[in-house]
Amino acid sequence: EKAYNSDLCMMDTDKLQKIVDAVAGVRAASKWSRLSILRAYTKWCLAEGVPNATGNMNKINFVGLGKIRNTMVANPMHLQTYLNAVFEEETLNTIDILYRCYLWLGYGGIRESDLFKVKVSDVQFENMEVHYGLKTVYLYREAVPAFMRAVNSDKFTYLHPNYSTEIGRIPGDELLRGIKGNMNIMTMRARLSRYAKEAVSAGRTEQHISFTRAALSGIFYRAYELERYGDIPDFESAVDEFMFGKEYAIGWDAARKKLLREYLEDYQRWKLAFSV
């Protein structure tokens, strides 16, 4: 600001790009936090009506954020928009309902290895929660249409260019039970990937969101919601769950500290990518 004799919020894009490029040259552990602060400051100036404040910071190229925008989501509405681009709408009551629920459960915070153990009775619409063992995750409003059908439907519609028919689901009380046999992780991943590629090829979306990236998006979204109300971002529980059952050559404590730093750095990048 001294060099350009101008407040940051009033600078043109050329000056801002030089500043951002300079900050991006510092250590990775701190640069994303610094860039996030710059973005937050200019956003605040606009919101407060500071004279001559501009939105130019949102036009700046932050290197490395494109992949985040293409593989993650900013909030539940963003995830629902992606699901609408990739899958049949909920009212058609196709098996796509299960793929939607699969990603919603990951976004909410249930581990992938536990998803196929979630029961219909674990979904509590009155509390807007899903319970599994000792785990309780929030059922987001945008996810309700898919979960209502996954809970209540005993048949799914099979769509064909020339006809459509209903096929009964296999017996059981598992939420993600299908029509031919029990779902499994590898099958679900393969189908999600195929449908995502088809949606990208058809021009319906530019994103390709995996279970892992949906889950990480959910972790960051909840951290951001708490941060807005004054809490300090805390990823200890997420790291502990990620590390559960694993061994690390550098030792548990060293690995945990490293992962905590990485989660915080990725969180700052996520905030920058989606301008939150």
# chains A, B, ... in the order shown; residues from 1 in each chain; ligands from 1
>>> residues_around(residues="Ile179 (chain A)", least_positions_apart="4", cutoff="10 Å", atoms="only C-alpha atoms", output="list in words")
Ile95, Asp154, Lys155, Phe156, Ile167, Gly168, Arg169, Ile170, Pro171 and Met183 of chain A
>>> residues_around(residues="region 199-208 of chain A", least_positions_apart="6", cutoff="6 Å", atoms="only C-alpha atoms", output="MDAnalysis selection string")
chainID A and resid 70:71 85:86
>>> select_by_dssp(residues="region 90-268 of chain A", states="alpha helix (DSSP H)", output="PyMOL selection string")
chain A and resi 96-108+144-152+185-201+211-228+236-243+252-268
>>> residues_around(residues="region 47-53 of chain A", least_positions_apart="3", cutoff="12 Å", atoms="only C-alpha atoms", output="PyMOL selection string")
chain A and resi 6-12+40-44+56-57
>>> closest_residue(among="A:Phe244, A:Tyr263, A:Tyr224, A:Tyr4", to="Val276 (chain A)", atoms="only C-alpha atoms")
A:Tyr224
>>> select_by_dssp(residues="region 17-158 of chain A", states="strand (DSSP E)", output="list in words")
Val123, Gln124, Glu129, Val130, His131, Tyr132, Lys135, Thr136, Val137, Tyr138, Lys155, Phe156, Thr157 and Tyr158 of chain A
>>> residues_around(residues="Ala255 (chain A)", least_positions_apart="5", cutoff="12 Å", atoms="only C-alpha atoms", output="list in words")
Val239, Asp240, Phe242, Met243, Lys246, Glu247, Tyr248, Ala249, Ile250, Leu260, Arg261 and Glu262 of chain A
>>> decode(residues="region 45-83 of chain A", atoms="N, CA and C atoms", output="mmCIF file, in the first residue's frame")
data_model
loop_
_atom_site.group_PDB
_atom_site.id
_atom_site.type_symbol
_atom_site.label_atom_id
_atom_site.label_comp_id
_atom_site.auth_asym_id
_atom_site.auth_seq_id
_atom_site.Cartn_x
_atom_site.Cartn_y
_atom_site.Cartn_z
ATOM 1 N N CYS A 45 -14.394 -4.425 2.958
ATOM 2 C CA CYS A 45 -14.462 -3.027 2.498
ATOM 3 C C CYS A 45 -15.676 -2.808 1.598
ATOM 4 N N LEU A 46 -15.929 -3.755 0.709
ATOM 5 C CA LEU A 46 -17.095 -3.645 -0.174
ATOM 6 C C LEU A 46 -18.387 -3.685 0.628
ATOM 7 N N ALA A 47 -18.442 -4.612 1.590
ATOM 8 C CA ALA A 47 -19.654 -4.770 2.390
ATOM 9 C C ALA A 47 -19.926 -3.529 3.240
ATOM 10 N N GLU A 48 -18.856 -2.851 3.681
ATOM 11 C CA GLU A 48 -19.004 -1.672 4.534
ATOM 12 C C GLU A 48 -19.145 -0.379 3.738
ATOM 13 N N GLY A 49 -19.079 -0.481 2.423
ATOM 14 C CA GLY A 49 -19.264 0.694 1.592
ATOM 15 C C GLY A 49 -18.109 1.674 1.633
ATOM 16 N N VAL A 50 -16.891 1.162 1.773
ATOM 17 C CA VAL A 50 -15.716 2.041 1.770
ATOM 18 C C VAL A 50 -15.630 2.739 0.410
ATOM 19 N N PRO A 51 -15.504 4.063 0.382
ATOM 20 C CA PRO A 51 -15.450 4.799 -0.892
ATOM 21 C C PRO A 51 -14.352 4.275 -1.819
ATOM 22 N N ASN A 52 -14.696 4.094 -3.087
ATOM 23 C CA ASN A 52 -13.770 3.649 -4.137
ATOM 24 C C ASN A 52 -13.289 2.207 -3.979
ATOM 25 N N ALA A 53 -13.898 1.460 -3.055
ATOM 26 C CA ALA A 53 -13.537 0.047 -2.919
ATOM 27 C C ALA A 53 -14.027 -0.718 -4.147
ATOM 28 N N THR A 54 -13.218 -1.695 -4.583
ATOM 29 C CA THR A 54 -13.579 -2.473 -5.774
ATOM 30 C C THR A 54 -13.627 -3.966 -5.434
ATOM 31 N N GLY A 55 -14.158 -4.739 -6.353
ATOM 32 C CA GLY A 55 -14.162 -6.193 -6.205
ATOM 33 C C GLY A 55 -13.059 -6.835 -7.011
ATOM 34 N N ASN A 56 -11.998 -6.075 -7.290
ATOM 35 C CA ASN A 56 -10.931 -6.574 -8.159
ATOM 36 C C ASN A 56 -10.203 -7.794 -7.606
ATOM 37 N N MET A 57 -10.189 -7.927 -6.287
ATOM 38 C CA MET A 57 -9.492 -9.081 -5.711
ATOM 39 C C MET A 57 -10.109 -10.394 -6.175
ATOM 40 N N ASN A 58 -11.396 -10.387 -6.462
ATOM 41 C CA ASN A 58 -12.068 -11.594 -6.928
ATOM 42 C C ASN A 58 -11.712 -11.943 -8.372
ATOM 43 N N LYS A 59 -11.052 -11.023 -9.065
ATOM 44 C CA LYS A 59 -10.651 -11.262 -10.453
ATOM 45 C C LYS A 59 -9.222 -11.774 -10.577
ATOM 46 N N ILE A 60 -8.540 -11.846 -9.434
ATOM 47 C CA ILE A 60 -7.132 -12.214 -9.442
ATOM 48 C C ILE A 60 -6.964 -13.719 -9.580
ATOM 49 N N ASN A 61 -5.919 -14.123 -10.285
ATOM 50 C CA ASN A 61 -5.616 -15.532 -10.470
ATOM 51 C C ASN A 61 -4.791 -16.051 -9.301
ATOM 52 N N PHE A 62 -5.399 -16.914 -8.488
ATOM 53 C CA PHE A 62 -4.694 -17.547 -7.387
ATOM 54 C C PHE A 62 -4.248 -18.925 -7.871
ATOM 55 N N VAL A 63 -2.965 -19.069 -8.109
ATOM 56 C CA VAL A 63 -2.415 -20.290 -8.691
ATOM 57 C C VAL A 63 -2.762 -21.500 -7.814
ATOM 58 N N GLY A 64 -3.250 -22.564 -8.454
ATOM 59 C CA GLY A 64 -3.516 -23.799 -7.741
ATOM 60 C C GLY A 64 -4.937 -23.958 -7.252
ATOM 61 N N LEU A 65 -5.787 -22.953 -7.482
ATOM 62 C CA LEU A 65 -7.153 -23.026 -6.965
ATOM 63 C C LEU A 65 -8.129 -23.635 -7.963
ATOM 64 N N GLY A 66 -7.734 -23.723 -9.225
ATOM 65 C CA GLY A 66 -8.628 -24.276 -10.237
ATOM 66 C C GLY A 66 -9.036 -25.706 -9.935
ATOM 67 N N LYS A 67 -8.087 -26.517 -9.466
ATOM 68 C CA LYS A 67 -8.396 -27.909 -9.161
ATOM 69 C C LYS A 67 -9.399 -28.006 -8.025
ATOM 70 N N ILE A 68 -9.276 -27.118 -7.046
ATOM 71 C CA ILE A 68 -10.219 -27.132 -5.927
ATOM 72 C C ILE A 68 -11.621 -26.823 -6.421
ATOM 73 N N ARG A 69 -11.743 -25.841 -7.277
ATOM 74 C CA ARG A 69 -13.064 -25.469 -7.802
ATOM 75 C C ARG A 69 -13.676 -26.607 -8.626
ATOM 76 N N ASN A 70 -12.832 -27.404 -9.261
ATOM 77 C CA ASN A 70 -13.338 -28.481 -10.110
ATOM 78 C C ASN A 70 -13.612 -29.775 -9.358
ATOM 79 N N THR A 71 -13.104 -29.901 -8.132
ATOM 80 C CA THR A 71 -13.239 -31.171 -7.416
ATOM 81 C C THR A 71 -13.910 -31.052 -6.053
ATOM 82 N N MET A 72 -14.270 -29.831 -5.644
ATOM 83 C CA MET A 72 -14.900 -29.645 -4.344
ATOM 84 C C MET A 72 -16.110 -28.721 -4.477
ATOM 85 N N VAL A 73 -16.860 -28.575 -3.393
ATOM 86 C CA VAL A 73 -18.023 -27.690 -3.398
ATOM 87 C C VAL A 73 -17.935 -26.720 -2.232
ATOM 88 N N ALA A 74 -18.641 -25.601 -2.359
ATOM 89 C CA ALA A 74 -18.575 -24.558 -1.349
ATOM 90 C C ALA A 74 -19.557 -24.764 -0.209
ATOM 91 N N ASN A 75 -20.713 -25.350 -0.508
ATOM 92 C CA ASN A 75 -21.780 -25.461 0.489
ATOM 93 C C ASN A 75 -22.796 -26.510 0.025
ATOM 94 N N PRO A 76 -23.792 -26.826 0.843
ATOM 95 C CA PRO A 76 -24.783 -27.845 0.451
ATOM 96 C C PRO A 76 -25.525 -27.519 -0.843
ATOM 97 N N MET A 77 -25.860 -26.271 -1.061
ATOM 98 C CA MET A 77 -26.553 -25.908 -2.293
ATOM 99 C C MET A 77 -25.672 -26.178 -3.514
ATOM 100 N N HIS A 78 -24.383 -25.928 -3.381
ATOM 101 C CA HIS A 78 -23.436 -26.187 -4.460
ATOM 102 C C HIS A 78 -23.371 -27.682 -4.759
ATOM 103 N N LEU A 79 -23.357 -28.495 -3.706
ATOM 104 C CA LEU A 79 -23.335 -29.938 -3.915
ATOM 105 C C LEU A 79 -24.609 -30.409 -4.602
ATOM 106 N N GLN A 80 -25.751 -29.870 -4.201
ATOM 107 C CA GLN A 80 -27.002 -30.247 -4.837
ATOM 108 C C GLN A 80 -27.021 -29.857 -6.315
ATOM 109 N N THR A 81 -26.453 -28.702 -6.634
ATOM 110 C CA THR A 81 -26.362 -28.277 -8.030
ATOM 111 C C THR A 81 -25.535 -29.266 -8.841
ATOM 112 N N TYR A 82 -24.430 -29.717 -8.251
ATOM 113 C CA TYR A 82 -23.592 -30.715 -8.928
ATOM 114 C C TYR A 82 -24.356 -32.017 -9.128
ATOM 115 N N LEU A 83 -25.024 -32.483 -8.095
ATOM 116 C CA LEU A 83 -25.774 -33.737 -8.191
ATOM 117 C C LEU A 83 -26.866 -33.649 -9.250
#
